[in-house]
Amino acid sequence: MLDRRFVVENPDLVEQNCQRRGARADVRRFVQLEADRKSKQFEVDELNRRANEVSKSIGKAKDPAEREARKNEGRALREQTAAAQAELDAVVAEADAILRTMPNLSHPDAPVGADDQSNLELRRGSAEPPKFDFKPLDHVELAERLQLIDFEAGAKVTGHGFYFLKNEAVLLELALQRYALDLLVREGFTPTITPDLARNEILQGTGYIPRGPETQIYSIAETDLSLVATAEITLGGLYAGEILDAAALPIKLCGISHCYRTEAGAGGRASRGLYRVHQFTKVEMFAYTLPEASEDMLNYFCDLECQLFDGLGIAYRVVDTATGDLGGPAYRKFDLEAWMPGRGEAGEYGEVTSTSNCTDYQARRLGIRFRTGEKGTAFVHTLNGTAIAISRALITLLENYQQPDGSVAVPEALRAWVGKERIAAPGQ
RNA sequence: GGACGGGUGGCCGAGUGGUCUAAGGCGGCGGUCUUGAAAACCGCUGUACGGGAAACCGUACCGGGGGUUCGAAUCCCUCCCCGUCCGCCA
């Protein structure tokens, strides 16, 4: 969330930012509520002070009648205090509710626009989209012919949007994990496998909304737990409430988790096959940095994502995400869109990774700070980035590496882990 | 899952209803002494919000939430976490 004082001091700027990002937040109301909060807090403090004085005088009083009189006085004061406190709580609750709807500020260079139509292409990868002298199949068809993914079984056992990976698809999943991890460990990331569930307060701290009609999150009945949508949630929660040693920053972590998404409201649009599923595995990068270091870290994350897809020989483009498409916590976001020959009429780019600089937006909510000199603390910056989202990476591999005979070549970079050069249909 | 014991400042740890404005120690900062350092000694040393030019003052915070009371770190309820033992289990 934003710094409440910053909002009060810069209402016009915040309002403009909300508008650019398509967020409806009543900034004026918030400013008014903050003023109310201040005066109400003063009132509560004053009542508490008087009540405390009375309580102390009772401890010293000897005369029983005097004590009784003072007790009554104290009781009356405490009742007034409770009433004022209730009013204060109501003001705070309303102000907080508005504050939570305010997205992070936006990087001045982020393209302004309502949706992904305004995304700005920054660069392309080293590989070219493949040229086929046959009609390429999409990954659903390929996976069926090669017996790699069983969507029908997933639907029967669990529901639409679930699937069984089988045979070489399993080897590809594990190979992709190892491939990503190899690079990240070389780059000094601490590898982790995180819980797949997290407390709702951690979800909220990272900017996810655990319950409600529009939630993308599966929650566990009769608990305060939810299935995570990404290891960003668990890695962000890792240091919640802690004060980090500035000398230890940046902290670079990568986490493997399963990711669960309800995809509420996504029905019908481009939801064929693996592109939009309710469960997938992801290797996620995460960093805690000093404020002045987060911009470089974002570029670094983006470079690593490019390295991974260049290494796989997949064509992609990098886009600077438009303000209206940023999501709440991101200050700036770069997406990698990889070439998917089976998507659309004659192939399309589809999002495969995403990296965001969330500045102090998550850290403020999660209470993650570092020491600044002798006294004082400041909030760290947090960043996240996809190393490999397995399901979408599988789409790109199957569709880009398909051969005229219906088999799929295994990219050089993965062969050691897959253990073969080519995935062929059974009996072929 | 059950029983018992715990959760207190950056860290360790005392504290069973009012002088807690949280003892004591460690660490940190400043000073005295010293050629310098160490040791010793003296002083300072939590966070947030509000008031004030400042010194300083007020309020809240002892795992989270709720309750009892004029008054709660302390008593009660509840949840979370840690430890020990038991049960179950890949």
# chains A, B, ... in the order shown; residues from 1 in each chain; ligands from 1
>>> residues_around(residues="B:G17", least_positions_apart="4", cutoff="12 Å", atoms="only C-alpha atoms (C1' of nucleotides)", output="short mmCIF file (atom, residue, chain, number, x, y, z; two decimals) with C-alpha atoms (C1' of nucleotides), in the first residue's frame")
data_model
loop_
_atom_site.label_atom_id
_atom_site.label_comp_id
_atom_site.auth_asym_id
_atom_site.auth_seq_id
_atom_site.Cartn_x
_atom_site.Cartn_y
_atom_site.Cartn_z
CA GLY A 59 -4.07 3.56 43.99
"C1'" U B 68 -12.87 -8.78 33.67
"C1'" U B 69 -11.34 -4.18 36.44
"C1'" G B 71 -6.44 0.22 36.71
"C1'" A B 72 -3.66 -5.80 33.20
"C1'" A B 73 2.99 -7.83 30.96
"C1'" U B 74 0.37 -9.96 35.36
"C1'" C B 75 -6.41 -12.67 35.88
#
>>> interface_residues(of="chain B", to="chain A", cutoff="7 Å", atoms="only C-alpha atoms (C1' of nucleotides)", output="list in words")
G18, G50, U59, C70 and G71 of chain B
>>> residues_around(residues="stretch 236-240 of chain A", least_positions_apart="6", cutoff="10 Å", atoms="only C-alpha atoms (C1' of nucleotides)", output="VMD selection string")
chain A and resid 194 198 to 199 201 to 203 205 to 206 253 286 to 288 362 to 369 382 to 384
>>> write_last_selection(atoms="C-alpha atoms", output="PDB file, in the first residue's frame")
ATOM      1  CA  THR A 194       8.074 -22.849  -0.726  1.00  0.00           C
ATOM      2  CA  ALA A 198      -0.112 -19.220   2.840  1.00  0.00           C
ATOM      3  CA  ARG A 199      -1.999 -17.255   5.454  1.00  0.00           C
ATOM      4  CA  GLU A 201      -2.664 -11.876   5.783  1.00  0.00           C
ATOM      5  CA  ILE A 202       0.434 -12.749   3.749  1.00  0.00           C
ATOM      6  CA  LEU A 203      -1.654 -12.866   0.565  1.00  0.00           C
ATOM      7  CA  GLY A 205       0.381  -8.085   2.226  1.00  0.00           C
ATOM      8  CA  THR A 206       1.644  -9.031  -1.201  1.00  0.00           C
ATOM      9  CA  LEU A 253      15.762 -15.854  -3.810  1.00  0.00           C
ATOM     10  CA  PHE A 286      12.287 -12.620  -5.838  1.00  0.00           C
ATOM     11  CA  ALA A 287      14.519  -9.862  -4.467  1.00  0.00           C
ATOM     12  CA  TYR A 288      14.638  -7.524  -1.506  1.00  0.00           C
ATOM     13  CA  GLN A 362       4.423  -4.698  -0.563  1.00  0.00           C
ATOM     14  CA  ALA A 363       7.101  -4.043   2.056  1.00  0.00           C
ATOM     15  CA  ARG A 364       4.992  -1.397   3.784  1.00  0.00           C
ATOM     16  CA  ARG A 365       2.071  -3.770   4.144  1.00  0.00           C
ATOM     17  CA  LEU A 366       4.284  -6.683   5.174  1.00  0.00           C
ATOM     18  CA  GLY A 367       6.452  -4.593   7.506  1.00  0.00           C
ATOM     19  CA  ILE A 368       9.813  -5.381   5.921  1.00  0.00           C
ATOM     20  CA  ARG A 369      12.424  -2.737   6.668  1.00  0.00           C
ATOM     21  CA  THR A 382      10.604  -5.946  -3.415  1.00  0.00           C
ATOM     22  CA  LEU A 383      10.745  -7.363  -6.914  1.00  0.00           C
ATOM     23  CA  ASN A 384       9.456 -10.510  -8.470  1.00  0.00           C
TER      24      ASN A 384
END
>>> select_by_dssp(residues="stretch 244-397 of chain A", states="alpha helix (DSSP H)", output="number ranges by chain")
A: 294-312, 361-366, 390-397
>>> residues_around(residues="A:Ala387", least_positions_apart="6", cutoff="10 Å", atoms="only C-alpha atoms (C1' of nucleotides)", output="PyMOL selection string")
chain A and resi 176-177+179-181+183-184+254-256+282-286+301-302+304-309+352-355
>>> atom_distance(atom1="atom CA of A:Phe30", atom2="atom CA of A:Val112")
24.7 Å
>>> residues_around(residues="stretch 314-317 of chain A", least_positions_apart="6", cutoff="9 Å", atoms="only C-alpha atoms (C1' of nucleotides)", output="list of chain:residue names")
A:Glu121, A:Leu122, A:Arg123, A:Arg124, A:Gly125, A:Ser126, A:Ala127, A:Glu128, A:Pro129, A:Pro130, A:Cys306, A:Asp335, A:Leu336, A:Glu337, A:Ala338, A:Trp339, A:Met340, A:Tyr349, A:Gly350, A:Thr396, A:Leu397, A:Asn400
>>> write_last_selection(atoms="C-alpha atoms", output="tab-separated table (two decimals), in the first residue's frame")
chain	number	residue	atom	x	y	z
A	121	GLU	CA	7.68	-3.23	-27.23
A	122	LEU	CA	11.22	-2.74	-25.93
A	123	ARG	CA	13.22	-5.43	-27.71
A	124	ARG	CA	13.21	-8.93	-29.19
A	125	GLY	CA	15.09	-12.10	-28.40
A	126	SER	CA	17.88	-13.63	-30.43
A	127	ALA	CA	15.74	-16.38	-32.01
A	128	GLU	CA	13.41	-15.89	-34.98
A	129	PRO	CA	9.95	-17.44	-35.12
A	130	PRO	CA	10.31	-20.79	-36.91
A	306	CYS	CA	15.67	-13.16	-21.74
A	335	ASP	CA	6.52	-8.96	-19.78
A	336	LEU	CA	8.15	-11.48	-22.07
A	337	GLU	CA	5.81	-12.59	-24.80
A	338	ALA	CA	6.98	-15.72	-26.59
A	339	TRP	CA	6.06	-16.83	-30.07
A	340	MET	CA	3.35	-19.48	-30.04
A	349	TYR	CA	2.93	-13.81	-29.10
A	350	GLY	CA	1.66	-14.92	-25.68
A	396	THR	CA	6.25	-22.69	-26.61
A	397	LEU	CA	8.46	-25.79	-26.68
A	400	ASN	CA	8.03	-24.15	-31.84
>>> residues_around(residues="A:Lys420", least_positions_apart="3", cutoff="12 Å", atoms="only C-alpha atoms (C1' of nucleotides)", output="PDB file with all heavy atoms, in the first residue's frame")
ATOM      1  N   GLU A 168       6.970 -37.785 -21.549  1.00  0.00           N
ATOM      2  CA  GLU A 168       8.044 -36.790 -21.672  1.00  0.00           C
ATOM      3  C   GLU A 168       7.644 -35.405 -21.153  1.00  0.00           C
ATOM      4  O   GLU A 168       8.521 -34.594 -20.838  1.00  0.00           O
ATOM      5  CB  GLU A 168       8.523 -36.666 -23.125  1.00  0.00           C
ATOM      6  CG  GLU A 168       9.322 -37.843 -23.620  1.00  0.00           C
ATOM      7  CD  GLU A 168       8.438 -38.904 -24.267  1.00  0.00           C
ATOM      8  OE1 GLU A 168       7.201 -38.891 -24.027  1.00  0.00           O
ATOM      9  OE2 GLU A 168       8.983 -39.745 -25.002  1.00  0.00           O
ATOM     10  N   LEU A 171       9.115 -35.192 -17.888  1.00  0.00           N
ATOM     11  CA  LEU A 171      10.559 -34.964 -17.957  1.00  0.00           C
ATOM     12  C   LEU A 171      10.850 -33.519 -18.357  1.00  0.00           C
ATOM     13  O   LEU A 171      11.793 -32.904 -17.856  1.00  0.00           O
ATOM     14  CB  LEU A 171      11.196 -35.925 -18.972  1.00  0.00           C
ATOM     15  CG  LEU A 171      10.995 -37.420 -18.671  1.00  0.00           C
ATOM     16  CD1 LEU A 171      11.657 -38.269 -19.746  1.00  0.00           C
ATOM     17  CD2 LEU A 171      11.526 -37.774 -17.295  1.00  0.00           C
ATOM     18  N   LEU A 172      10.027 -32.990 -19.262  1.00  0.00           N
ATOM     19  CA  LEU A 172      10.211 -31.590 -19.665  1.00  0.00           C
ATOM     20  C   LEU A 172       9.973 -30.641 -18.490  1.00  0.00           C
ATOM     21  O   LEU A 172      10.708 -29.675 -18.303  1.00  0.00           O
ATOM     22  CB  LEU A 172       9.259 -31.235 -20.816  1.00  0.00           C
ATOM     23  CG  LEU A 172       9.706 -31.651 -22.215  1.00  0.00           C
ATOM     24  CD1 LEU A 172       8.575 -31.403 -23.215  1.00  0.00           C
ATOM     25  CD2 LEU A 172      10.966 -30.901 -22.646  1.00  0.00           C
ATOM     26  N   ALA A 175      12.963 -30.893 -16.315  1.00  0.00           N
ATOM     27  CA  ALA A 175      14.116 -30.330 -17.023  1.00  0.00           C
ATOM     28  C   ALA A 175      14.062 -28.803 -17.000  1.00  0.00           C
ATOM     29  O   ALA A 175      15.082 -28.139 -16.777  1.00  0.00           O
ATOM     30  CB  ALA A 175      14.145 -30.835 -18.461  1.00  0.00           C
ATOM     31  N   VAL A 408       8.450 -33.890 -31.768  1.00  0.00           N
ATOM     32  CA  VAL A 408       8.896 -32.602 -31.234  1.00  0.00           C
ATOM     33  C   VAL A 408      10.349 -32.748 -30.806  1.00  0.00           C
ATOM     34  O   VAL A 408      10.689 -33.668 -30.042  1.00  0.00           O
ATOM     35  CB  VAL A 408       8.026 -32.176 -30.026  1.00  0.00           C
ATOM     36  CG1 VAL A 408       8.633 -30.972 -29.322  1.00  0.00           C
ATOM     37  CG2 VAL A 408       6.599 -31.858 -30.486  1.00  0.00           C
ATOM     38  N   ALA A 409      11.193 -31.860 -31.309  1.00  0.00           N
ATOM     39  CA  ALA A 409      12.605 -31.884 -30.925  1.00  0.00           C
ATOM     40  C   ALA A 409      12.759 -31.324 -29.515  1.00  0.00           C
ATOM     41  O   ALA A 409      11.999 -30.448 -29.108  1.00  0.00           O
ATOM     42  CB  ALA A 409      13.432 -31.065 -31.911  1.00  0.00           C
ATOM     43  N   VAL A 410      13.732 -31.848 -28.796  1.00  0.00           N
ATOM     44  CA  VAL A 410      14.035 -31.322 -27.460  1.00  0.00           C
ATOM     45  C   VAL A 410      15.152 -30.293 -27.613  1.00  0.00           C
ATOM     46  O   VAL A 410      16.195 -30.601 -28.205  1.00  0.00           O
ATOM     47  CB  VAL A 410      14.492 -32.455 -26.518  1.00  0.00           C
ATOM     48  CG1 VAL A 410      14.887 -31.889 -25.153  1.00  0.00           C
ATOM     49  CG2 VAL A 410      13.374 -33.483 -26.365  1.00  0.00           C
ATOM     50  N   PRO A 411      14.962 -29.071 -27.119  1.00  0.00           N
ATOM     51  CA  PRO A 411      16.023 -28.066 -27.250  1.00  0.00           C
ATOM     52  C   PRO A 411      17.318 -28.559 -26.618  1.00  0.00           C
ATOM     53  O   PRO A 411      17.285 -29.233 -25.585  1.00  0.00           O
ATOM     54  CB  PRO A 411      15.475 -26.856 -26.482  1.00  0.00           C
ATOM     55  CG  PRO A 411      14.023 -27.089 -26.337  1.00  0.00           C
ATOM     56  CD  PRO A 411      13.779 -28.554 -26.413  1.00  0.00           C
ATOM     57  N   GLU A 412      18.384 -28.208 -27.266  1.00  0.00           N
ATOM     58  CA  GLU A 412      19.730 -28.577 -26.815  1.00  0.00           C
ATOM     59  C   GLU A 412      19.888 -28.393 -25.293  1.00  0.00           C
ATOM     60  O   GLU A 412      20.393 -29.268 -24.595  1.00  0.00           O
ATOM     61  CB  GLU A 412      20.722 -27.670 -27.569  1.00  0.00           C
ATOM     62  CG  GLU A 412      22.173 -27.929 -27.294  1.00  0.00           C
ATOM     63  CD  GLU A 412      22.641 -29.232 -27.943  1.00  0.00           C
ATOM     64  OE1 GLU A 412      22.278 -29.465 -29.110  1.00  0.00           O
ATOM     65  OE2 GLU A 412      23.364 -30.003 -27.274  1.00  0.00           O
ATOM     66  N   ALA A 413      19.418 -27.236 -24.793  1.00  0.00           N
ATOM     67  CA  ALA A 413      19.650 -26.880 -23.391  1.00  0.00           C
ATOM     68  C   ALA A 413      18.971 -27.829 -22.413  1.00  0.00           C
ATOM     69  O   ALA A 413      19.341 -27.869 -21.237  1.00  0.00           O
ATOM     70  CB  ALA A 413      19.164 -25.442 -23.143  1.00  0.00           C
ATOM     71  N   LEU A 414      17.983 -28.592 -22.890  1.00  0.00           N
ATOM     72  CA  LEU A 414      17.239 -29.460 -21.972  1.00  0.00           C
ATOM     73  C   LEU A 414      17.565 -30.943 -22.150  1.00  0.00           C
ATOM     74  O   LEU A 414      17.107 -31.779 -21.371  1.00  0.00           O
ATOM     75  CB  LEU A 414      15.727 -29.267 -22.186  1.00  0.00           C
ATOM     76  CG  LEU A 414      15.180 -27.853 -21.970  1.00  0.00           C
ATOM     77  CD1 LEU A 414      13.676 -27.833 -22.219  1.00  0.00           C
ATOM     78  CD2 LEU A 414      15.491 -27.335 -20.563  1.00  0.00           C
ATOM     79  N   ARG A 415      18.350 -31.271 -23.166  1.00  0.00           N
ATOM     80  CA  ARG A 415      18.523 -32.685 -23.527  1.00  0.00           C
ATOM     81  C   ARG A 415      19.126 -33.526 -22.410  1.00  0.00           C
ATOM     82  O   ARG A 415      18.732 -34.668 -22.196  1.00  0.00           O
ATOM     83  CB  ARG A 415      19.385 -32.802 -24.790  1.00  0.00           C
ATOM     84  CG  ARG A 415      18.568 -32.506 -26.013  1.00  0.00           C
ATOM     85  CD  ARG A 415      19.342 -32.677 -27.294  1.00  0.00           C
ATOM     86  NE  ARG A 415      18.597 -32.021 -28.364  1.00  0.00           N
ATOM     87  CZ  ARG A 415      19.091 -31.725 -29.547  1.00  0.00           C
ATOM     88  NH1 ARG A 415      20.358 -32.014 -29.823  1.00  0.00           N
ATOM     89  NH2 ARG A 415      18.349 -31.128 -30.445  1.00  0.00           N
ATOM     90  N   ALA A 416      20.077 -32.913 -21.680  1.00  0.00           N
ATOM     91  CA  ALA A 416      20.735 -33.689 -20.627  1.00  0.00           C
ATOM     92  C   ALA A 416      19.712 -34.160 -19.591  1.00  0.00           C
ATOM     93  O   ALA A 416      19.819 -35.255 -19.045  1.00  0.00           O
ATOM     94  CB  ALA A 416      21.814 -32.843 -19.957  1.00  0.00           C
ATOM     95  N   TRP A 417      18.703 -33.333 -19.335  1.00  0.00           N
ATOM     96  CA  TRP A 417      17.736 -33.673 -18.284  1.00  0.00           C
ATOM     97  C   TRP A 417      16.579 -34.518 -18.813  1.00  0.00           C
ATOM     98  O   TRP A 417      16.025 -35.318 -18.092  1.00  0.00           O
ATOM     99  CB  TRP A 417      17.214 -32.409 -17.607  1.00  0.00           C
ATOM    100  CG  TRP A 417      18.274 -31.726 -16.800  1.00  0.00           C
ATOM    101  CD1 TRP A 417      18.972 -32.254 -15.754  1.00  0.00           C
ATOM    102  CD2 TRP A 417      18.777 -30.408 -16.984  1.00  0.00           C
ATOM    103  NE1 TRP A 417      19.876 -31.357 -15.271  1.00  0.00           N
ATOM    104  CE2 TRP A 417      19.786 -30.201 -16.001  1.00  0.00           C
ATOM    105  CE3 TRP A 417      18.492 -29.374 -17.878  1.00  0.00           C
ATOM    106  CZ2 TRP A 417      20.497 -29.012 -15.882  1.00  0.00           C
ATOM    107  CZ3 TRP A 417      19.188 -28.185 -17.746  1.00  0.00           C
ATOM    108  CH2 TRP A 417      20.188 -28.011 -16.761  1.00  0.00           C
ATOM    109  N   ILE A 423      10.903 -36.141 -29.102  1.00  0.00           N
ATOM    110  CA  ILE A 423       9.738 -36.788 -28.503  1.00  0.00           C
ATOM    111  C   ILE A 423       8.845 -37.249 -29.651  1.00  0.00           C
ATOM    112  O   ILE A 423       8.357 -36.424 -30.432  1.00  0.00           O
ATOM    113  CB  ILE A 423       8.958 -35.822 -27.596  1.00  0.00           C
ATOM    114  CG1 ILE A 423       9.874 -35.300 -26.464  1.00  0.00           C
ATOM    115  CG2 ILE A 423       7.725 -36.509 -27.013  1.00  0.00           C
ATOM    116  CD1 ILE A 423       9.302 -34.113 -25.720  1.00  0.00           C
ATOM    117  N   ALA A 424       8.675 -38.558 -29.753  1.00  0.00           N
ATOM    118  CA  ALA A 424       7.889 -39.106 -30.862  1.00  0.00           C
ATOM    119  C   ALA A 424       6.648 -39.805 -30.321  1.00  0.00           C
ATOM    120  O   ALA A 424       6.592 -40.177 -29.147  1.00  0.00           O
ATOM    121  CB  ALA A 424       8.739 -40.085 -31.664  1.00  0.00           C
TER     122      ALA A 424
END
>>> residues_around(residues="B:G5", least_positions_apart="2", cutoff="12 Å", atoms="only C-alpha atoms (C1' of nucleotides)", output="PDB file with N, CA, C and O atoms (P, O5', C5', C4', C3', O3' and C1' of nucleotides), in the first residue's frame")
ATOM      1  P     A B   3      -5.819 -31.679  25.726  1.00  0.00           P
ATOM      2  O5'   A B   3      -4.562 -32.144  26.585  1.00  0.00           O
ATOM      3  C5'   A B   3      -4.713 -33.083  27.642  1.00  0.00           C
ATOM      4  C4'   A B   3      -3.389 -33.319  28.313  1.00  0.00           C
ATOM      5  C3'   A B   3      -2.648 -32.064  28.755  1.00  0.00           C
ATOM      6  O3'   A B   3      -3.128 -31.542  29.977  1.00  0.00           O
ATOM      7  C1'   A B   3      -1.159 -33.485  27.612  1.00  0.00           C
ATOM      8  P     G B   7       6.977 -16.811  28.671  1.00  0.00           P
ATOM      9  O5'   G B   7       7.112 -16.637  27.096  1.00  0.00           O
ATOM     10  C5'   G B   7       8.381 -16.721  26.452  1.00  0.00           C
ATOM     11  C4'   G B   7       8.235 -16.365  24.989  1.00  0.00           C
ATOM     12  C3'   G B   7       7.769 -14.927  24.758  1.00  0.00           C
ATOM     13  O3'   G B   7       8.438 -14.370  23.634  1.00  0.00           O
ATOM     14  C1'   G B   7       6.235 -16.463  23.774  1.00  0.00           C
ATOM     15  P     C B  82       5.954 -23.545  14.998  1.00  0.00           P
ATOM     16  O5'   C B  82       6.842 -23.383  16.312  1.00  0.00           O
ATOM     17  C5'   C B  82       8.067 -22.683  16.275  1.00  0.00           C
ATOM     18  C4'   C B  82       8.682 -22.644  17.651  1.00  0.00           C
ATOM     19  C3'   C B  82       8.881 -23.994  18.325  1.00  0.00           C
ATOM     20  O3'   C B  82      10.026 -24.678  17.861  1.00  0.00           O
ATOM     21  C1'   C B  82       7.912 -22.511  19.869  1.00  0.00           C
ATOM     22  P     G B  83      10.062 -26.276  17.895  1.00  0.00           P
ATOM     23  O5'   G B  83      10.217 -26.607  19.442  1.00  0.00           O
ATOM     24  C5'   G B  83      11.397 -26.235  20.144  1.00  0.00           C
ATOM     25  C4'   G B  83      11.261 -26.572  21.604  1.00  0.00           C
ATOM     26  C3'   G B  83      10.934 -28.032  21.906  1.00  0.00           C
ATOM     27  O3'   G B  83      12.089 -28.841  21.869  1.00  0.00           O
ATOM     28  C1'   G B  83       9.540 -26.626  23.197  1.00  0.00           C
ATOM     29  P     U B  84      11.988 -30.377  21.410  1.00  0.00           P
ATOM     30  O5'   U B  84      11.305 -31.079  22.658  1.00  0.00           O
ATOM     31  C5'   U B  84      12.016 -31.208  23.897  1.00  0.00           C
ATOM     32  C4'   U B  84      11.109 -31.766  24.956  1.00  0.00           C
ATOM     33  C3'   U B  84      10.395 -33.065  24.594  1.00  0.00           C
ATOM     34  O3'   U B  84      11.217 -34.204  24.760  1.00  0.00           O
ATOM     35  C1'   U B  84       8.849 -31.559  25.568  1.00  0.00           C
ATOM     36  P     C B  85      11.060 -35.437  23.773  1.00  0.00           P
ATOM     37  O5'   C B  85       9.717 -36.150  24.285  1.00  0.00           O
ATOM     38  C5'   C B  85       9.709 -36.861  25.520  1.00  0.00           C
ATOM     39  C4'   C B  85       8.302 -37.105  25.978  1.00  0.00           C
ATOM     40  C3'   C B  85       7.440 -37.969  25.053  1.00  0.00           C
ATOM     41  O3'   C B  85       7.726 -39.355  25.161  1.00  0.00           O
ATOM     42  C1'   C B  85       6.181 -36.098  25.771  1.00  0.00           C
TER      43        C B  85
END
>>> select_by_dssp(residues="stretch 198-269 of chain A", states="strand (DSSP E or B)", output="ChimeraX atom specification")
/A:198-199,219,225-227,243-244,251-260
>>> write_last_selection(atoms="C-alpha atoms", output="short mmCIF file (atom, residue, chain, number, x, y, z; two decimals), in the first residue's frame")
data_model
loop_
_atom_site.label_atom_id
_atom_site.label_comp_id
_atom_site.auth_asym_id
_atom_site.auth_seq_id
_atom_site.Cartn_x
_atom_site.Cartn_y
_atom_site.Cartn_z
CA ALA A 198 -0.11 -19.22 2.84
CA ARG A 199 -2.00 -17.25 5.45
CA SER A 219 -9.13 -20.55 -0.12
CA LEU A 225 -5.18 -20.28 4.47
CA SER A 226 -5.21 -20.03 0.70
CA LEU A 227 -3.48 -21.84 -2.12
CA ILE A 243 14.19 -5.56 9.99
CA LEU A 244 16.89 -6.64 7.58
CA ILE A 251 18.62 -10.71 -1.01
CA LYS A 252 17.97 -12.79 -4.14
CA LEU A 253 15.76 -15.85 -3.81
CA CYS A 254 14.15 -18.20 -6.22
CA GLY A 255 11.25 -20.40 -5.27
CA ILE A 256 9.57 -23.38 -6.84
CA SER A 257 5.90 -23.75 -6.07
CA HIS A 258 2.70 -24.94 -7.56
CA CYS A 259 0.48 -22.02 -8.52
CA TYR A 260 -3.30 -22.11 -8.22
#
>>> atom_distance(atom1="atom CA of A:His278", atom2="atom CA of A:Thr223")
20.8 Å
